[in-house]
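A.B. asks: What follows is entry.pdb; its format and atoms are PDB, C-alpha atoms.
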```pdb
MODEL        1
ATOM      1  CA  MET A   3      23.911  -5.719  10.825
ATOM      2  CA  PRO A   4      20.660  -5.999  12.831
ATOM      3  CA  ASN A   5      20.758  -2.213  13.312
ATOM      4  CA  LYS A   6      20.448  -1.640   9.560
ATOM      5  CA  GLN A   7      17.394  -3.914   9.268
ATOM      6  CA  TYR A   8      15.825  -2.167  12.242
ATOM      7  CA  ARG A   9      16.293   1.183  10.508
ATOM      8  CA  VAL A  10      14.766  -0.114   7.262
ATOM      9  CA  ASP A  11      11.745  -1.515   9.110
ATOM     10  CA  ARG A  12      11.281   1.673  11.117
ATOM     11  CA  LEU A  13      11.472   3.798   7.962
ATOM     12  CA  ALA A  14       8.920   1.523   6.249
ATOM     13  CA  GLN A  15       6.492   1.985   9.146
ATOM     14  CA  GLU A  16       7.014   5.741   9.122
ATOM     15  CA  ILE A  17       6.451   5.927   5.365
ATOM     16  CA  GLN A  18       3.248   3.876   5.682
ATOM     17  CA  ARG A  19       1.882   6.161   8.398
ATOM     18  CA  GLU A  20       2.821   9.363   6.565
ATOM     19  CA  VAL A  21       1.552   8.260   3.125
ATOM     20  CA  ASP A  22      -1.765   7.264   4.690
ATOM     21  CA  ASP A  23      -2.000  10.733   6.262
ATOM     22  CA  ILE A  24      -0.958  12.486   3.030
ATOM     23  CA  LEU A  25      -3.578  10.586   1.009
ATOM     24  CA  LEU A  26      -6.216  11.516   3.552
ATOM     25  CA  LYS A  27      -5.369  15.207   3.996
ATOM     26  CA  ARG A  28      -3.373  16.499   1.012
ATOM     27  CA  VAL A  29      -4.310  14.548  -2.126
ATOM     28  CA  ARG A  30      -7.561  15.898  -3.515
ATOM     29  CA  ASP A  31      -7.884  13.467  -6.426
ATOM     30  CA  PRO A  32     -11.236  11.622  -6.095
ATOM     31  CA  ARG A  33      -9.696   8.518  -7.679
ATOM     32  CA  VAL A  34      -7.606   7.811  -4.584
ATOM     33  CA  GLN A  35     -10.364   8.098  -1.994
ATOM     34  CA  GLY A  36     -10.917   4.872  -0.123
ATOM     35  CA  VAL A  37      -7.350   3.631  -0.661
ATOM     36  CA  THR A  38      -5.824   1.766   2.271
ATOM     37  CA  ILE A  39      -2.055   1.483   2.588
ATOM     38  CA  THR A  40      -1.338  -2.110   3.633
ATOM     39  CA  GLY A  41       2.443  -2.176   3.683
ATOM     40  CA  VAL A  42       5.737  -0.698   2.541
ATOM     41  CA  ASP A  43       8.921  -2.409   1.377
ATOM     42  CA  VAL A  44      12.086  -0.315   1.501
ATOM     43  CA  THR A  45      15.333  -1.434  -0.115
ATOM     44  CA  GLY A  46      18.378  -1.889   2.122
ATOM     45  CA  ASP A  47      20.035   1.269   0.777
ATOM     46  CA  LEU A  48      16.850   3.285   1.511
ATOM     47  CA  GLN A  49      16.704   4.523  -2.098
ATOM     48  CA  GLN A  50      13.417   2.908  -3.199
ATOM     49  CA  ALA A  51      10.127   2.176  -1.499
ATOM     50  CA  THR A  52       7.279   0.052  -2.822
ATOM     51  CA  ILE A  53       3.975   1.047  -1.251
ATOM     52  CA  TYR A  54       1.233  -1.592  -1.281
ATOM     53  CA  TYR A  55      -2.399  -0.533  -1.242
ATOM     54  CA  SER A  56      -5.846  -2.090  -1.389
ATOM     55  CA  ILE A  57      -9.304  -0.872  -2.336
ATOM     56  CA  LEU A  58     -12.732  -2.249  -1.567
ATOM     57  CA  SER A  59     -13.829  -2.607  -5.185
ATOM     58  CA  ASP A  60     -12.905  -5.674  -7.244
ATOM     59  CA  LYS A  61     -13.660  -4.022 -10.589
ATOM     60  CA  ALA A  62     -10.706  -3.779 -12.975
ATOM     61  CA  SER A  63     -11.769  -0.296 -14.089
ATOM     62  CA  ASP A  64     -11.705   0.974 -10.485
ATOM     63  CA  MET A  65      -8.274  -0.549  -9.950
ATOM     64  CA  GLN A  66      -6.937   1.183 -13.062
ATOM     65  CA  LYS A  67      -8.418   4.526 -11.976
ATOM     66  CA  VAL A  68      -6.878   4.233  -8.515
ATOM     67  CA  GLN A  69      -3.477   3.267  -9.958
ATOM     68  CA  ALA A  70      -3.618   6.234 -12.354
ATOM     69  CA  GLY A  71      -4.536   8.576  -9.502
ATOM     70  CA  LEU A  72      -1.716   7.291  -7.324
ATOM     71  CA  ASP A  73       0.783   7.535 -10.186
ATOM     72  CA  LYS A  74      -0.263  11.144 -10.766
ATOM     73  CA  ALA A  75       0.036  11.993  -7.053
ATOM     74  CA  THR A  76       3.458  10.332  -6.643
ATOM     75  CA  GLY A  77       5.381  13.615  -6.969
ATOM     76  CA  LEU A  78       3.272  15.375  -4.353
ATOM     77  CA  ILE A  79       3.458  12.405  -1.991
ATOM     78  CA  ARG A  80       7.246  12.140  -2.355
ATOM     79  CA  SER A  81       7.784  15.862  -1.741
ATOM     80  CA  GLU A  82       5.531  15.729   1.335
ATOM     81  CA  LEU A  83       7.473  12.696   2.603
ATOM     82  CA  GLY A  84      10.697  14.646   2.131
ATOM     83  CA  ALA A  85       9.363  17.441   4.313
ATOM     84  CA  ARG A  86       8.004  15.116   7.004
ATOM     85  CA  LEU A  87      10.744  12.471   7.294
ATOM     86  CA  ASN A  88      14.076  13.215   8.905
ATOM     87  CA  ILE A  89      16.296  11.416   6.370
ATOM     88  CA  PHE A  90      19.040  12.533   4.021
ATOM     89  CA  LYS A  91      17.408  11.459   0.748
ATOM     90  CA  THR A  92      13.741  10.700   0.182
ATOM     91  CA  PRO A  93      13.328   7.294  -1.483
ATOM     92  CA  GLU A  94      11.775   6.908  -4.919
ATOM     93  CA  ILE A  95       8.259   5.581  -4.400
ATOM     94  CA  LYS A  96       6.194   3.170  -6.455
ATOM     95  CA  PHE A  97       2.631   2.044  -5.780
ATOM     96  CA  GLU A  98       1.498  -1.563  -6.247
ATOM     97  CA  ARG A  99      -1.854  -3.152  -5.508
ATOM     98  CA  ASP A 100      -1.692  -5.617  -2.617
ATOM     99  CA  LYS A 101      -2.826  -8.911  -4.100
ATOM    100  CA  SER A 102      -2.759 -10.780  -0.775
ATOM    101  CA  ILE A 103      -6.097  -9.261   0.294
ATOM    102  CA  ALA A 104      -7.880 -10.550  -2.810
ATOM    103  CA  TYR A 105      -6.120 -13.911  -2.482
ATOM    104  CA  GLY A 106      -7.235 -14.276   1.145
ATOM    105  CA  SER A 107     -10.790 -13.352   0.191
ATOM    106  CA  ARG A 108     -10.804 -15.989  -2.570
ATOM    107  CA  ILE A 109      -9.552 -18.668  -0.133
ATOM    108  CA  ASP A 110     -12.295 -17.673   2.312
ATOM    109  CA  GLN A 111     -14.954 -18.001  -0.422
ATOM    110  CA  LEU A 112     -13.696 -21.475  -1.353
ATOM    111  CA  ILE A 113     -13.750 -22.648   2.263
ATOM    112  CA  ASN A 114     -17.295 -21.327   2.723
ATOM    113  CA  LYS A 115     -18.358 -23.090  -0.468
ATOM    114  CA  LEU A 116     -16.917 -26.386   0.816
ATOM    115  CA  HIS A 117     -18.738 -25.987   4.142
ATOM    116  CA  GLN A 118     -21.983 -25.278   2.271
ATOM    117  CA  GLN A 119     -21.544 -28.410   0.120
ATOM    118  CA  GLU A 120     -20.934 -30.547   3.229
ATOM    119  CA  GLN A 121     -24.104 -29.210   4.852
ATOM    120  CA  ASP A 122     -26.138 -29.948   1.722
ATOM    121  CA  LYS A 123     -25.144 -33.643   1.824
TER     122      LYS A 123
ENDMDL
END
```
In structure tokens, write the structure found in this file.
C.D. replies:
Amino acid sequence: MPNKQYRVDRLAQEIQREVDDILLKRVRDPRVQGVTITGVDVTGDLQQATIYYSILSDKASDMQKVQAGLDKATGLIRSELGARLNIFKTPEIKFERDKSIAYGSRIDQLINKLHQQEQDK
């Protein structure tokens, strides 16, 4: 059984590397510039992959534009993955914003605020 998990993890890493390259070199949509791929989850049967991304902007409008751009480019990205990866069937891909980056940033802000309040006392 460990072999199967190893294969899933290896495929996830390969997908992350290739999608990052595809976004950089092949996708010309200006909405997806500045997108960073932070991780990939692949199901055990290798049929579906969830690709997590982050952007520098915190604006909701920017997040919606990026999501729309990624949704539009999904077909191109999947076909490019099919050509680049040496697997029998290319997984269905879905993009989701990585919320852990924003969460970590919020925790950092709260800690800094606490330190500032202690110094003011």
A.B. asks: If you apply the PyMOL selection byres ((chain A and resi 48) around 10) to this file, what residues do you get, as a count of residues only?
C.D. replies: 18
A.B. asks: Rounded to one decimal, what separation in Å do you get between atom CA of Arg108 of chain A and atom CA of Gln35 of chain A?
C.D. replies: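 Separation between atom CA of Arg108 of chain A and atom CA of Gln35 of chain A: 24.1 Å.
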A.B. asks: Which is closest to Thr76 of chain A among A:Leu25, A:Ser56, A:His117, A:Gln111, if we use all atoms listed in the file?
C.D. replies: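 Distance minimum relative to Thr76 of chain A lands on A:Leu25.
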A.B. asks: Ranking A:Lys123, A:Lys6, A:Arg19, A:Arg99 by minimum distance to Asp60 of chain A and counting only C-alpha atoms, which one comes first?
C.D. replies: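 Of the candidates, the smallest distance to Asp60 of chain A is held by A:Arg99.
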A.B. asks: Which of these residues is nearest to Gly84 of chain A, using all atoms listed in the file: A:Leu26, A:Val21, A:Val37, A:Leu58?
C.D. replies: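 Looking at the shortest contact to Gly84 of chain A, the residue is A:Val21.
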A.B. asks: With only C-alpha atoms counted and 9 Å as the cut-off, give the residues of segment 47-88 of chain A in contact with segment 100-103 of chain A, each with its shortest interatomic distance in Å and the pair that gives it, as a Markdown table.
C.D. replies:
```
| residue | atom | partner | partner_atom | distance |
| --- | --- | --- | --- | --- |
| A:Ile53 | CA | A:Asp100 | CA | 8.9 |
| A:Tyr54 | CA | A:Asp100 | CA | 5.2 |
| A:Tyr55 | CA | A:Asp100 | CA | 5.3 |
| A:Ser56 | CA | A:Asp100 | CA | 5.6 |
| A:Ile57 | CA | A:Asp100 | CA | 9.0 |
```
A.B. asks: Residue by residue, what does the PyMOL selection byres ((chain A and resi 20) around 12) grab here? Present the result as a ChimeraX atom specification.
C.D. replies: /A:13-19,21-28,39,41-42,53,79-87
A.B. asks: Could you tell me how far atom CA of Asp11 of chain A sits from atom CA of Glu98 of chain A, in Å to one decimal place?
C.D. replies: 18.5 Å
A.B. asks: What separation in Å, quoted to one decimal, exists between atom CA of Arg33 of chain A and atom CA of Ser59 of chain A?
C.D. replies: 12.1 Å
A.B. asks: Draw an axis-aligned box tight on the listed atoms of segment 85-88 of chain A, then pad every side by 6 Å and write out centre and edge lengths in Å to one decimal as AutoDock Vina command-line options.
C.D. replies:
```
--center_x 11.0 --center_y 15.0 --center_z 6.6 --size_x 18.1 --size_y 17.0 --size_z 16.6
```
